[in-house]
Amino acid sequence: MESSPKDVNGSLRSGEECAGDRIVGQAPADRANSRPTPADPVPAASGPADRVEAVPTSADTTPNTDPAATARTNTDPTPNAKPASADPSPNTDPAFGFPTTTSPAQTLPTQDSPSVKWASRATLVTFFLSGFTLATFLSRIPTVRDLLALSPAQMGHLLLVGALGSVLWLPISGPVVARFGPRNTVWTGFAIWSVGAVMIASSLEARSPLALAASLFVFQAGTALWNSTMNVEGGFVELLAQRPIMPWYHAAFSIGTVAAAGLGAVAIATRVSVPVHLLSVAAFSALAIVWAGRNYIPQPVIDCLANTDEGATARTRRAWKERRTVLIGVMVLGTGLMEGAANDWLALAMVDGFGLAPATGTLALALFLTVLTLTRLISPSLQTRVEPVRLLRSLLVVAIVGLLLLALSPWVSLAVIGVAAWGVGSALGFPSAASALARDAAMAPARMSVLSTIGYGAFLAGPPVIGYIAEHVGYRGALGFIALPVLVSVLLAGNLRPEDGR
């Protein structure tokens, strides 16, 4: 039988079959046109999975003229052997169409199957919730600062403690996802985040900066595990869908942040307390994340897709030694810092830099996030017209211009144009990197943990550094310094191209 077709990185494509973690052949529709050849003989019958390939399926209408194959078929010592396509799969999940256990020959869902579509919707919901829950707290930073009478340096300390929670969790996220699967891991990450949200509400009621720092540590630890997992799940769905959809998932994240920023502005205007606001969002998100996890790609399909015997920890160590993977992570350092710094400091920069009201400063953040989201939504269409690396570099240059306008302009109107340009340029860094590193399903969790450690590390740990700089040059001037790492990202963007040039 001809060998199973693979994608450019060696992973199975949708519609193919495997047994456990071994490939056993093509999907029935592909097998109909496949004949044994002397160069690629039918394997000897060593078990039920191997014998499947010697039995013609209902779709195989071409007479078999290979005497050896015919003899093996007629003398098969297991009379009850059936084709893989005939397996009734009694343990199929009726809601999604995925088998809940691994049958002798696991068939991957096709790119347009309902199961892939539901998994994609669930991934969109997860990204939306991640952005919504993160920006819910960030939109209330001006209120938290005023409530606790914190200086820029003190705010930087608080955010840095929270970032440490993320940095400690991100390196181990790859092995955790590979060991327990995206569904269980994203639920665990959300549970940790929820505990942190309750702790934040309690610390604000007690007016305790120290308790708030500990709360942010737990809060961001859950966020880190959750965010890394959803990118791995998105990579698996993208592999099965066989088309670039990662920018849309990150657009859903941005839509969540826009919605949270708008809701935050309303909460500030109507004097809703931060604890009530945060806990209400947590209750709503709990119901949504449970639904989303139940619609994820089940672990048997992921195991089939990855098709590897290498341990999760070994894969993670190997990923950290891959030059291309690490350089892509460094590239994302600049793009992640752009988005993270906007979430943390843009509202304050507009309030303190131009004397605007807190609600108006939050609306500036909403503008940034809206432009970012729209750019991500149209990016798949743009990538069909412009080579992806060239497109990314062009957008990063636009971001540099926007950052400098915001930092140096004496007029609010020109600064607002800078905010919009900054949002356009921040759109494609992480989505492009995630798509590039998720093409190999076996290595996707490991490489995504590297990307998340560097990228989300910059997203979360970089903004506190901006706070320290702001102590000396102000918030707007500090944001202008981000142009330097973004320039490095421009230089490293070429690493997104596959190493084989395809």
# chains A, B, ... in the order shown; residues from 1 in each chain; ligands from 1
>>> residues_around(residues="Val351 of chain A", least_positions_apart="6", cutoff="8 Å", atoms="only C-alpha atoms", output="ChimeraX atom specification")
/A:357-358,360-361
>>> residues_around(residues="segment 367-372 of chain A", least_positions_apart="2", cutoff="6 Å", atoms="only C-alpha atoms", output="number ranges by chain")
A: 258, 364-365, 374-375, 419-420, 423-424, 427
>>> write_last_selection(atoms="N, CA, C and O atoms", output="PDB file, in the first residue's frame")
ATOM      1  N   VAL A 258     -11.826  44.220  23.918  1.00  0.00           N
ATOM      2  CA  VAL A 258     -12.623  45.408  23.578  1.00  0.00           C
ATOM      3  C   VAL A 258     -13.915  45.428  24.397  1.00  0.00           C
ATOM      4  O   VAL A 258     -14.302  46.462  24.971  1.00  0.00           O
ATOM      5  N   ALA A 364      -9.665  55.222  25.035  1.00  0.00           N
ATOM      6  CA  ALA A 364      -8.477  55.171  24.172  1.00  0.00           C
ATOM      7  C   ALA A 364      -7.968  53.737  24.067  1.00  0.00           C
ATOM      8  O   ALA A 364      -7.567  53.282  22.990  1.00  0.00           O
ATOM      9  N   LEU A 365      -8.002  53.013  25.183  1.00  0.00           N
ATOM     10  CA  LEU A 365      -7.637  51.599  25.147  1.00  0.00           C
ATOM     11  C   LEU A 365      -8.609  50.817  24.273  1.00  0.00           C
ATOM     12  O   LEU A 365      -8.206  49.938  23.501  1.00  0.00           O
ATOM     13  N   LEU A 374      -9.887  44.487  14.274  1.00  0.00           N
ATOM     14  CA  LEU A 374     -10.263  44.580  12.862  1.00  0.00           C
ATOM     15  C   LEU A 374      -9.119  44.135  11.960  1.00  0.00           C
ATOM     16  O   LEU A 374      -9.331  43.462  10.941  1.00  0.00           O
ATOM     17  N   THR A 375      -7.904  44.485  12.322  1.00  0.00           N
ATOM     18  CA  THR A 375      -6.749  44.061  11.524  1.00  0.00           C
ATOM     19  C   THR A 375      -6.607  42.549  11.536  1.00  0.00           C
ATOM     20  O   THR A 375      -6.307  41.924  10.503  1.00  0.00           O
ATOM     21  N   VAL A 419      -2.201  56.014  18.476  1.00  0.00           N
ATOM     22  CA  VAL A 419      -2.796  54.840  19.133  1.00  0.00           C
ATOM     23  C   VAL A 419      -3.380  53.885  18.099  1.00  0.00           C
ATOM     24  O   VAL A 419      -3.197  52.659  18.174  1.00  0.00           O
ATOM     25  N   ALA A 420      -4.073  54.440  17.094  1.00  0.00           N
ATOM     26  CA  ALA A 420      -4.657  53.593  16.050  1.00  0.00           C
ATOM     27  C   ALA A 420      -3.567  52.879  15.251  1.00  0.00           C
ATOM     28  O   ALA A 420      -3.677  51.675  14.953  1.00  0.00           O
ATOM     29  N   GLY A 423      -2.168  50.062  17.229  1.00  0.00           N
ATOM     30  CA  GLY A 423      -3.057  48.902  17.220  1.00  0.00           C
ATOM     31  C   GLY A 423      -2.947  48.089  15.946  1.00  0.00           C
ATOM     32  O   GLY A 423      -2.919  46.850  15.982  1.00  0.00           O
ATOM     33  N   VAL A 424      -2.864  48.776  14.783  1.00  0.00           N
ATOM     34  CA  VAL A 424      -2.710  48.060  13.505  1.00  0.00           C
ATOM     35  C   VAL A 424      -1.428  47.238  13.504  1.00  0.00           C
ATOM     36  O   VAL A 424      -1.404  46.063  13.129  1.00  0.00           O
ATOM     37  N   ALA A 427      -1.067  43.668  15.511  1.00  0.00           N
ATOM     38  CA  ALA A 427      -2.090  42.644  15.288  1.00  0.00           C
ATOM     39  C   ALA A 427      -1.560  41.251  15.006  1.00  0.00           C
ATOM     40  O   ALA A 427      -2.122  40.257  15.470  1.00  0.00           O
TER      41      ALA A 427
END
>>> residues_around(residues="Val177 of chain A", least_positions_apart="4", cutoff="12 Å", atoms="only C-alpha atoms", output="MDAnalysis selection string")
chainID A and resid 169:173 181:189 225:233 299 302:303 312:313 316 442:449
>>> residues_around(residues="segment 430-440 of chain A", least_positions_apart="6", cutoff="10 Å", atoms="only C-alpha atoms", output="ChimeraX atom specification")
/A:7-12,231-239,242,244-251,305-306,324-325,328-329,331-336,339,376,388-389,392,446-448,450-452,455-456,493,495-498
>>> closest_residue(among="A:Val465, A:Ala483, A:Leu160, A:Val116", to="Val401 of chain A", atoms="only C-alpha atoms")
A:Ala483
>>> residues_around(residues="Asp344 of chain A", least_positions_apart="6", cutoff="12 Å", atoms="only C-alpha atoms", output="PyMOL selection string")
chain A and resi 134-142+145+152+155-156+158-160+163+257+261+337-338+350+361-362+365+459-467+475+479
>>> select_by_dssp(residues="segment 180-411 of chain A", states="alpha helix (DSSP H)", output="VMD selection string")
chain A and resid 180 to 205 209 to 241 246 to 269 274 to 294 299 to 306 312 to 320 323 to 341 347 to 354 358 to 383 388 to 408
